[in-house]
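Below you'll find the structure, written out as structure tokens, and then a few comments.
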Amino acid sequence: MIKVEGLTKRYARKVAVDNISFEVQKGQIVGFLGPNGAGKTTTMRVLTCFLPPTSGTANVAGFDVQDQPMEVKRRIGYLPETPPLYPEMEVHEYLEFVGRIKGVLANDLTRRVNEVAEKCAIADVRKTLIGKLSKGYKQRVGLAQAIIHNPDVLILDEPTAGLDPHQIIETRELIKGLAGEHTIILSTHILPEVEQVCERVIIIAKGKLVATDTVANLTSRLRGAETVAVEVLAADAASVQRSLEQVAGVSRVIAGAHRDEKLHFTVESLEGRHIRPGLAKAVVDAGWQLNELHAVGLSLEEIFLQLTASPDEHKEAAPVEPVAAPAMGSDAQ
Ligand SMILES: Nc1ncnc2c1ncn2[C@@H]1O[C@H](COP(=O)(O)OP(=O)(O)OP(=O)(O)O)[C@@H](O)[C@H]1O
Ligand SMILES: [Mg+2]
């Protein structure tokens with residue numbers, strides 16, 4: 001549904017987006033992640049035909065953004081960083097206005113406005129001036145204008161920025177509800193948001209693509225070594241620590257907060273070694289009680305920091321396969 005190949009965008013001498021390629025399949029929600037200034041907004045502006053690429057191509061819903069921008073625009077809904085709202089218009093007036101511009105047929109307009117107002121939970125403010133709405137409601141109106149013409153593709157630039165926690169949850173639910181019917185790219189700084197809402201992640205840093213994969217794959221790919229949390233019921237912390245250290249494949253054991261006889265340890269494995277069965281056996285064989293044993297996942301936040309670290313730090317990070325070709329499914333549209 002979206003195919004970007006070798007996309008580069010230069011502002012004067014500044015390279016904002018540097019030769020990135022990725023694909024998004026129909027019906028997917030993809031999170032576009034990157035630190036400030038990474039090039040997220042610039043990429044989205046190219047995809048929505050607001051900016052021409054310096055080189056490379058972008059194809060959206062089957063049309064090239066440079067060759068057939070009108071066809072692309074007809075098929076996309078765009079929520080920019082600042083929603084394009086007119087404060088002096090009432091909500092329903094504004095949505096009718098946008099609907100007409102985007103080619104919604106006159107006899108379909110009222111039905112469509114009602115539909116998106118319902119979907120975006122703004123039906124109760126239909127007659128309110130946009131200028132008088134709270135930020136959260138403005139954002140919902142921004143989403144409503146993006147979907148008024150029922151586009152195939154939605155491009156949302158930080159749709160939850162500046163919202164309160166309730167509004168964030170509502171907006172996320174709303175976006176999740178739009179997937180399937182629509183293909184969605186959303187940019188965000190909120191990492192748990194990506195885990196909660198998106199199936200795939202595209203991470204860029206300083207204009208370069210650093211990863212594109214599912215959240216689950218990214219986590220496991222980066223986790224070369226395993227970290228395991230262990231809770232043991234025993235009297236002698238030092239001897240428990242010694243036995244854990246002797247388990248094959250263990251690289252180090254860090255003692256945590258011990259409470260009475262409940263002893264906590266964090267155990268790290270050598271690269272590619274599975275140490276959980278060995279740890280369990282060591283505890284049980286010594287006659288101690290094993291209260292808990294679980295793998296500690298690498299959070300998306302840790303992954304993000306590793307991937308977007310400066311080049312020198314990056315070398316020390318867990319091995320990441322370079323993103324030569326987009327690791328996407330084969331049912332490209
Ligand atoms: N109109 C412009 N003229 C010159 N440079 C620009 C322009 N717009 C963006 N840039 C530069 O391009 C780079 C990428 O900016 P962009 O807005 O795409 O980043 P972003 O990932 O959206 O960041 P943020 O998370 O802060 O929104 C930045 O270094 C920025 O300063
Ligand atoms: Mg931006």
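Simple scheme: letters A, B, ... for chains in structure tokens order, numbers from 1 for residues in each chain, numbers from 1 for ligands in the order shown.
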What are the nearest atom pairs, with distances in Å to one decimal, for all residues of chain A that come at most 8 Å from ligand 2, using only C-alpha atoms and all ligand atoms, set out by chain and rising residue number as JSON lines?
```
{"residue": "A:Asn36", "atom": "CA", "partner": "ligand 2", "partner_atom_place_in_ligand_line": "1 (Mg)", "distance": 6.9}
{"residue": "A:Gly37", "atom": "CA", "partner": "ligand 2", "partner_atom_place_in_ligand_line": "1 (Mg)", "distance": 6.8}
{"residue": "A:Ala38", "atom": "CA", "partner": "ligand 2", "partner_atom_place_in_ligand_line": "1 (Mg)", "distance": 8.0}
{"residue": "A:Gly39", "atom": "CA", "partner": "ligand 2", "partner_atom_place_in_ligand_line": "1 (Mg)", "distance": 7.0}
{"residue": "A:Lys40", "atom": "CA", "partner": "ligand 2", "partner_atom_place_in_ligand_line": "1 (Mg)", "distance": 5.4}
{"residue": "A:Thr41", "atom": "CA", "partner": "ligand 2", "partner_atom_place_in_ligand_line": "1 (Mg)", "distance": 4.0}
{"residue": "A:Thr42", "atom": "CA", "partner": "ligand 2", "partner_atom_place_in_ligand_line": "1 (Mg)", "distance": 7.2}
{"residue": "A:Glu81", "atom": "CA", "partner": "ligand 2", "partner_atom_place_in_ligand_line": "1 (Mg)", "distance": 6.7}
{"residue": "A:Asp157", "atom": "CA", "partner": "ligand 2", "partner_atom_place_in_ligand_line": "1 (Mg)", "distance": 6.8}
{"residue": "A:Glu158", "atom": "CA", "partner": "ligand 2", "partner_atom_place_in_ligand_line": "1 (Mg)", "distance": 7.5}
{"residue": "A:Ser187", "atom": "CA", "partner": "ligand 2", "partner_atom_place_in_ligand_line": "1 (Mg)", "distance": 7.8}
```
(message) Just want the 6 Å neighbourhood of range 250-258 of chain A, counted on only C-alpha atoms, with same-chain residues fewer than 6 positions away dropped. Output as a PyMOL selection string.
(response) chain A and resi 264-270
(request) Go through the chains and note each residue within 12 Å of ligand 1, using only C-alpha atoms and all ligand atoms, then give the set as a PyMOL selection string. (result) chain A and resi 8-18+32-46+50-51+80-82+156-159+161+186-190+202-209
(message) Taking the DSSP secondary structure from the backbone, can you list the residues of range 106-229 of chain A that are helix (DSSP H, G or I), as a ChimeraX atom specification?
(response) /A:106-119,123-125,130-132,135-147,165-178,191-197,215-222
Write out as a tab-separated table a residue-level contact list of range 40-74 of chain A versus range 133-146 of chain A with cut-off 12 Å: for each qualifying residue the closest pair of atoms and the distance in Å to one decimal, counting only C-alpha atoms, rows sorted by chain and residue number upward.
```
residue	atom	partner	partner_atom	distance
A:Thr48	CA	A:Ala146	CA	11.7
A:Lys73	CA	A:Ala146	CA	11.0
A:Arg74	CA	A:Ala146	CA	11.1
```
Write out, as a compact mmCIF listing (two decimals), in the first residue's frame, the residues just selected, with N, CA and C atoms.
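Final output, out_28.txt:
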```txt
# COMPACT_ATOMS: atom_id res chain seq x y z
N THR A 48 2.62 12.59 1.58
CA THR A 48 1.33 13.27 1.38
C THR A 48 1.41 14.33 0.28
N LYS A 73 -3.42 12.09 -3.27
CA LYS A 73 -4.13 12.91 -2.29
C LYS A 73 -5.56 12.44 -2.07
N ARG A 74 -6.16 11.94 -3.14
CA ARG A 74 -7.53 11.45 -3.04
C ARG A 74 -7.63 10.24 -2.11
```
(message) Report as a list in words all protein, DNA and RNA residues lying within 10 Å of Gln68 in chain A, evaluated on only C-alpha atoms, omitting residues in the same chain fewer than 6 positions from it.
(response)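 Counting only the stated atoms, we get Cys49, Asn59, Val60 and Gly62 of chain A.
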Please, could you write that set of residues out with N, CA and C atoms as a PDB file, in the first residue's frame?
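Contents of the output file result.pdb:
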```
ATOM      1  N   CYS A  49       2.495  14.322  -0.478  1.00  0.00           N
ATOM      2  CA  CYS A  49       2.677  15.216  -1.637  1.00  0.00           C
ATOM      3  C   CYS A  49       2.822  16.688  -1.256  1.00  0.00           C
ATOM      4  N   ASN A  59       5.543   5.493  -3.447  1.00  0.00           N
ATOM      5  CA  ASN A  59       4.305   5.084  -4.089  1.00  0.00           C
ATOM      6  C   ASN A  59       3.266   4.854  -2.997  1.00  0.00           C
ATOM      7  N   VAL A  60       2.132   5.528  -3.120  1.00  0.00           N
ATOM      8  CA  VAL A  60       1.093   5.415  -2.103  1.00  0.00           C
ATOM      9  C   VAL A  60      -0.205   4.986  -2.780  1.00  0.00           C
ATOM     10  N   GLY A  62      -0.788   2.803  -4.826  1.00  0.00           N
ATOM     11  CA  GLY A  62      -0.649   2.467  -6.237  1.00  0.00           C
ATOM     12  C   GLY A  62      -0.234   3.628  -7.130  1.00  0.00           C
TER      13      GLY A  62
END
```
(message) as a PyMOL selection string, please: the residues near Ala61 in chain A (cut-off 10 Å, only C-alpha atoms, same-chain neighbours under 3 positions excluded).
(response) chain A and resi 1-3+26+64-65+71-76+151-153+183+333
(message) Would you compute the distance between CA of Gly6 in chain A and CA of Val210 in chain A? Give it in Å to one decimal.
(response) 13.7 Å
(request) Give the strand (DSSP E or B) residues of range 149-270 of chain A, as DSSP finds them on the backbone, and put them as a ChimeraX atom specification. (result) /A:153-157,179,182-188,200-205,208-214,227-233,250-255,259,262-269
